[in-house]
file protein_12.txt (compact mmCIF, C-alpha atoms)
# COMPACT_ATOMS: atom_id res chain seq x y z
CA ARG A 1 -53.74 -47.65 72.74
CA ASP A 2 -55.87 -50.16 74.58
CA LEU A 3 -59.15 -50.65 76.41
CA LYS A 4 -57.92 -50.96 80.00
CA ALA A 5 -59.47 -47.59 80.82
CA LYS A 6 -62.83 -48.90 79.64
CA GLY A 7 -62.70 -51.94 81.89
CA LEU A 8 -62.10 -54.59 79.24
CA SER A 9 -59.56 -57.33 79.84
CA VAL A 10 -56.47 -57.42 77.69
CA GLY A 11 -55.21 -60.63 76.11
CA VAL A 12 -52.28 -61.89 74.12
CA ILE A 13 -52.53 -63.35 70.61
CA GLY A 14 -52.33 -67.10 70.75
CA GLY A 15 -51.09 -67.04 74.35
CA VAL A 16 -52.47 -67.44 77.83
CA SER A 17 -52.91 -64.17 79.69
CA GLY A 18 -53.35 -63.59 83.39
CA ARG A 19 -57.03 -62.95 82.72
CA GLN A 20 -57.72 -66.30 81.07
CA ALA A 21 -60.30 -67.13 83.72
CA GLU A 22 -62.26 -64.07 82.62
CA TYR A 23 -62.29 -65.32 79.02
CA LYS A 24 -63.57 -68.69 80.18
CA ARG A 25 -66.35 -67.14 82.25
CA SER A 26 -67.43 -65.11 79.23
CA GLY A 27 -67.77 -68.29 77.20
CA ALA A 28 -65.49 -67.20 74.36
CA ASP A 29 -61.77 -66.84 73.72
CA TRP A 30 -61.96 -65.13 70.33
CA LEU A 31 -64.27 -62.92 68.29
CA ILE A 32 -64.00 -63.20 64.49
CA VAL A 33 -65.80 -60.51 62.52
CA GLY A 34 -66.50 -60.34 58.79
CA LEU A 35 -67.41 -56.85 57.58
CA GLY A 36 -70.01 -56.09 54.93
CA ASN A 37 -73.43 -54.63 54.18
CA PRO A 38 -76.50 -56.71 55.15
CA ASP A 39 -78.98 -55.85 52.40
CA PRO A 40 -79.38 -58.66 49.79
CA LYS A 41 -78.54 -56.21 47.01
CA TYR A 42 -74.97 -56.12 48.32
CA GLU A 43 -74.43 -59.88 48.18
CA MET A 44 -71.32 -60.92 46.23
CA THR A 45 -70.06 -57.33 46.02
CA ARG A 46 -66.44 -56.41 46.65
CA HIS A 47 -67.27 -54.51 49.84
CA ASN A 48 -68.80 -57.72 51.22
CA ALA A 49 -65.63 -59.79 50.92
CA GLY A 50 -65.55 -59.95 54.73
CA PHE A 51 -69.01 -61.52 54.81
CA LEU A 52 -68.01 -64.01 52.11
CA MET A 53 -64.94 -65.08 54.07
CA LEU A 54 -66.84 -65.33 57.35
CA ASP A 55 -69.37 -67.61 55.65
CA ALA A 56 -66.48 -69.79 54.49
CA ILE A 57 -65.01 -69.88 58.01
CA ALA A 58 -68.42 -70.79 59.46
CA GLU A 59 -68.92 -73.58 56.93
CA HIS A 60 -65.43 -75.02 57.37
CA PHE A 61 -65.66 -75.14 61.15
CA ASN A 62 -69.35 -76.08 61.19
CA ILE A 63 -70.53 -72.97 63.06
CA GLU A 64 -74.03 -71.64 62.38
CA VAL A 65 -74.16 -67.84 62.26
CA ARG A 66 -77.88 -67.33 62.79
CA ARG A 67 -78.45 -65.86 66.25
CA VAL A 68 -79.61 -62.24 66.29
CA LYS A 69 -77.78 -60.02 68.78
CA PHE A 70 -75.13 -57.28 68.96
CA LYS A 71 -76.73 -55.49 65.99
CA GLY A 72 -75.81 -58.45 63.82
CA LEU A 73 -75.83 -62.22 63.33
CA TYR A 74 -73.51 -64.42 65.35
CA GLY A 75 -72.68 -68.02 66.17
CA LYS A 76 -70.38 -69.85 68.58
CA GLY A 77 -68.11 -72.81 68.03
CA THR A 78 -64.59 -74.14 68.45
CA ILE A 79 -61.55 -73.42 66.29
CA ALA A 80 -58.11 -74.83 67.09
CA GLY A 81 -59.29 -75.71 70.57
CA GLN A 82 -60.41 -72.12 71.21
CA SER A 83 -64.02 -71.08 71.76
CA ALA A 84 -64.84 -68.60 69.02
CA VAL A 85 -67.71 -66.24 68.27
CA LEU A 86 -68.32 -65.45 64.58
CA LEU A 87 -70.07 -62.15 63.89
CA LYS A 88 -71.58 -60.45 60.84
CA PRO A 89 -72.62 -56.88 61.76
CA SER A 90 -75.99 -55.72 60.39
CA THR A 91 -75.26 -52.03 60.96
CA PHE A 92 -73.98 -51.39 57.43
CA MET A 93 -70.28 -50.97 56.91
CA ASN A 94 -69.63 -47.48 58.25
CA LEU A 95 -71.17 -48.29 61.66
CA SER A 96 -69.56 -51.72 62.12
CA GLY A 97 -67.99 -50.63 65.41
CA GLN A 98 -71.39 -50.52 67.11
CA SER A 99 -71.86 -54.25 66.58
CA VAL A 100 -68.25 -55.22 67.25
CA THR A 101 -67.88 -53.32 70.52
CA GLU A 102 -71.20 -54.69 71.83
CA ALA A 103 -69.99 -58.24 71.25
CA MET A 104 -66.56 -57.48 72.72
CA ASN A 105 -68.14 -56.08 75.88
CA PHE A 106 -70.60 -58.96 76.25
CA PHE A 107 -67.97 -61.69 75.91
CA HIS A 108 -65.15 -59.72 77.59
CA ILE A 109 -62.93 -60.16 74.53
CA PRO A 110 -60.09 -57.62 74.06
CA PRO A 111 -58.94 -56.17 70.73
CA GLU A 112 -55.97 -58.56 70.59
CA ARG A 113 -58.40 -61.48 70.33
CA THR A 114 -60.83 -59.81 67.93
CA LEU A 115 -59.97 -60.69 64.33
CA ILE A 116 -61.48 -58.42 61.68
CA VAL A 117 -61.81 -59.66 58.08
CA PHE A 118 -62.50 -57.05 55.39
CA ASP A 119 -61.97 -55.97 51.79
CA ASP A 120 -58.90 -54.08 50.56
CA ILE A 121 -58.79 -52.27 47.22
CA SER A 122 -54.99 -51.99 47.36
CA LEU A 123 -54.69 -55.76 46.88
CA ASP A 124 -55.53 -57.69 43.72
CA VAL A 125 -58.21 -60.37 43.89
CA GLY A 126 -56.50 -63.52 45.13
CA ARG A 127 -54.16 -61.73 47.52
CA THR A 128 -54.49 -61.51 51.31
CA ARG A 129 -52.63 -59.62 53.99
CA ILE A 130 -52.60 -60.30 57.73
CA ARG A 131 -51.62 -57.64 60.27
CA LEU A 132 -51.74 -57.86 64.06
CA LYS A 133 -52.48 -54.17 64.65
CA GLY A 134 -52.40 -50.81 62.92
CA SER A 135 -54.46 -48.03 61.40
CA ALA A 136 -57.68 -48.40 59.45
CA GLY A 137 -55.86 -47.92 56.16
CA GLY A 138 -58.74 -45.83 54.82
CA HIS A 139 -61.38 -48.53 55.39
CA ASN A 140 -64.50 -46.93 56.88
CA GLY A 141 -65.68 -50.04 58.71
CA MET A 142 -62.31 -50.46 60.38
CA LYS A 143 -62.19 -46.74 61.16
CA ASN A 144 -65.46 -47.00 63.08
CA ILE A 145 -64.28 -50.05 65.03
CA ILE A 146 -61.06 -48.30 66.06
CA TYR A 147 -62.93 -45.09 66.94
CA LEU A 148 -65.61 -46.71 69.11
CA SER A 149 -63.27 -49.18 70.83
CA GLY A 150 -60.47 -46.70 71.43
CA SER A 151 -57.91 -49.24 70.22
CA ASP A 152 -56.04 -50.13 67.03
CA LEU A 153 -54.68 -53.41 68.42
CA PHE A 154 -57.04 -55.57 66.36
CA PRO A 155 -55.52 -58.36 64.26
CA ARG A 156 -56.98 -58.09 60.80
CA MET A 157 -57.12 -60.05 57.57
CA LYS A 158 -57.41 -57.98 54.42
CA ILE A 159 -58.99 -59.59 51.35
CA GLY A 160 -57.93 -58.25 47.97
CA VAL A 161 -60.80 -56.99 45.81
CA GLY A 162 -58.83 -55.15 43.13
CA SER A 163 -58.05 -51.47 42.61
CA LYS A 164 -60.58 -49.06 41.16
CA PRO A 165 -60.39 -48.96 37.36
CA GLU A 166 -59.79 -45.62 35.71
CA GLY A 167 -63.01 -43.67 35.30
CA TRP A 168 -64.86 -45.52 38.06
CA ASP A 169 -66.25 -43.87 41.19
CA LEU A 170 -64.81 -45.60 44.28
CA ALA A 171 -68.24 -46.27 45.81
CA ASP A 172 -69.48 -47.80 42.56
CA TRP A 173 -66.40 -50.02 42.37
CA VAL A 174 -66.56 -51.47 45.88
CA LEU A 175 -70.31 -52.05 45.48
CA SER A 176 -69.83 -53.84 42.15
CA ARG A 177 -70.04 -57.62 42.00
CA PHE A 178 -67.14 -59.97 41.52
CA THR A 179 -66.88 -61.56 38.09
CA ASN A 180 -67.33 -65.32 37.69
CA ASP A 181 -63.57 -65.78 37.30
CA GLU A 182 -62.93 -63.71 40.42
CA MET A 183 -65.40 -65.83 42.38
CA LYS A 184 -63.41 -68.92 41.39
CA THR A 185 -60.25 -67.24 42.69
CA LEU A 186 -62.02 -66.32 45.93
CA LYS A 187 -62.78 -69.99 46.50
CA THR A 188 -59.06 -70.60 46.85
CA VAL A 189 -58.74 -67.47 48.97
CA SER A 190 -61.42 -68.76 51.34
CA GLU A 191 -59.46 -71.99 51.83
CA ASN A 192 -56.36 -69.95 52.67
CA VAL A 193 -58.36 -67.78 55.05
CA THR A 194 -59.74 -70.72 57.01
CA ASP A 195 -56.24 -72.15 57.38
CA ALA A 196 -54.87 -68.76 58.44
CA VAL A 197 -57.61 -68.41 61.05
CA GLU A 198 -56.72 -71.79 62.49
CA LEU A 199 -53.05 -70.80 62.67
CA LEU A 200 -53.85 -67.48 64.36
CA LEU A 201 -56.07 -69.06 66.97
CA SER A 202 -53.58 -71.84 67.64
CA GLY A 203 -50.90 -69.28 68.51
CA ALA A 204 -48.93 -69.20 65.25
CA PRO A 205 -49.48 -65.69 63.82
CA ASP A 206 -46.00 -65.53 62.28
CA LYS A 207 -46.63 -68.75 60.39
CA ALA A 208 -49.99 -67.41 59.16
CA MET A 209 -48.39 -64.19 57.93
CA ASN A 210 -45.43 -65.92 56.29
CA ARG A 211 -47.72 -68.36 54.51
CA TYR A 212 -50.56 -66.09 53.39
CA ASN A 213 -49.30 -62.51 53.14
CA SER A 214 -48.99 -61.92 49.43

call {"tool": "encode", "arguments": {"input": "protein_12.txt", "output": "structure tokens"}}
result
Amino acid sequence: RDLKAKGLSVGVIGGVSGRQAEYKRSGADWLIVGLGNPDPKYEMTRHNAGFLMLDAIAEHFNIEVRRVKFKGLYGKGTIAGQSAVLLKPSTFMNLSGQSVTEAMNFFHIPPERTLIVFDDISLDVGRTRIRLKGSAGGHNGMKNIIYLSGSDLFPRMKIGVGSKPEGWDLADWVLSRFTNDEMKTLKTVSENVTDAVELLLSGAPDKAMNRYNS
């Protein structure tokens, strides 16, 4: 599935497509999205792991994510020689696709160059998993992005937040805060994520997956 029918250009991960000139006119080669919920009460919760990682990416590459547009906050900078837009949707998790597709349309960025970073309860805290395409895997934010874009060709980086303990409601678990020890582990994860992002944007997805899929 792709977006050709919707008039969006199609790119190739880490490569140069025949529509490169269109990317350059748009002013961005890549869109990197961290998923989460915008209300302050959700800060440092498991469901906001995508926001936490996007903040780390922004800090590492010195990109300010403060501009208000696309139903979210965004900033522009350079990563691995590629112009990149960082985006934090403000739509709340289940409507993330509204923000993502607006930004994709504005910058003419195809799914193959739109990296989505989000939480995954099937992975322990400290683990990450990179995929270049695929289903939503039960994640509501990713489901909405795939539904509204009409494509499942998004590269994605899943951040482990731990499985639901016995007796917990799933919603309560993903909206619970990380422990202090888990936050220390996520510091290392954020360093791995920034390196993986640089590898992906420099055209080395296999190296990123071999190094950081755990």

call {"tool": "residues_around", "arguments": {"input": "protein_12.txt", "residues": "segment 67-80 of chain A", "least_positions_apart": "5", "cutoff": "9 Å", "atoms": "all atoms listed in the file", "output": "list in words"}}
result
Ala28, Pro38, Ala58, Phe61, Asn62, Val85, Leu86, Leu87, Lys88, Pro89, Ser90, Thr91, Ser96, Gln98, Ser99, Val100, Thr101, Glu102, Ala103, Phe106, Val197, Glu198, Leu199, Leu200, Leu201 and Ser202 of chain A

call {"tool": "closest_atom_pairs", "arguments": {"input": "protein_12.txt", "of": "segment 193-212 of chain A", "to": "segment 49-53 of chain A", "cutoff": "12 Å", "atoms": "all atoms listed in the file", "output": "tab-separated table"}}
result
residue	atom	partner	partner_atom	distance
A:Val193	CA	A:Met53	CA	7.2
A:Thr194	CA	A:Met53	CA	8.2
A:Asp195	CA	A:Met53	CA	11.7
A:Ala196	CA	A:Met53	CA	11.6
A:Val197	CA	A:Met53	CA	10.7

call {"tool": "axis_aligned_box", "arguments": {"input": "protein_12.txt", "around": "segment 103-109 of chain A", "padding_each_side": "4 Å", "output": "lines of an AutoDock Vina configuration file"}}
result
center_x = -66.8
center_y = -58.9
center_z = 74.4
size_x = 15.7
size_y = 13.6
size_z = 14.3

call {"tool": "closest_residue", "arguments": {"input": "protein_12.txt", "among": "A:Ile146, A:Leu95, A:Met104, A:Val161", "to": "Ser122 of chain A", "atoms": "only C-alpha atoms"}}
result
A:Val161

call {"tool": "atom_distance", "arguments": {"input": "protein_12.txt", "atom1": "atom CA of Val65 of chain A", "atom2": "atom CA of Asn140 of chain A"}}
result
23.7 Å

call {"tool": "atom_distance", "arguments": {"input": "protein_12.txt", "atom1": "atom CA of Asp124 of chain A", "atom2": "atom CA of Glu191 of chain A"}}
result
16.9 Å

call {"tool": "atom_distance", "arguments": {"input": "protein_12.txt", "atom1": "atom CA of Trp168 of chain A", "atom2": "atom CA of Gly36 of chain A"}}
result
20.6 Å
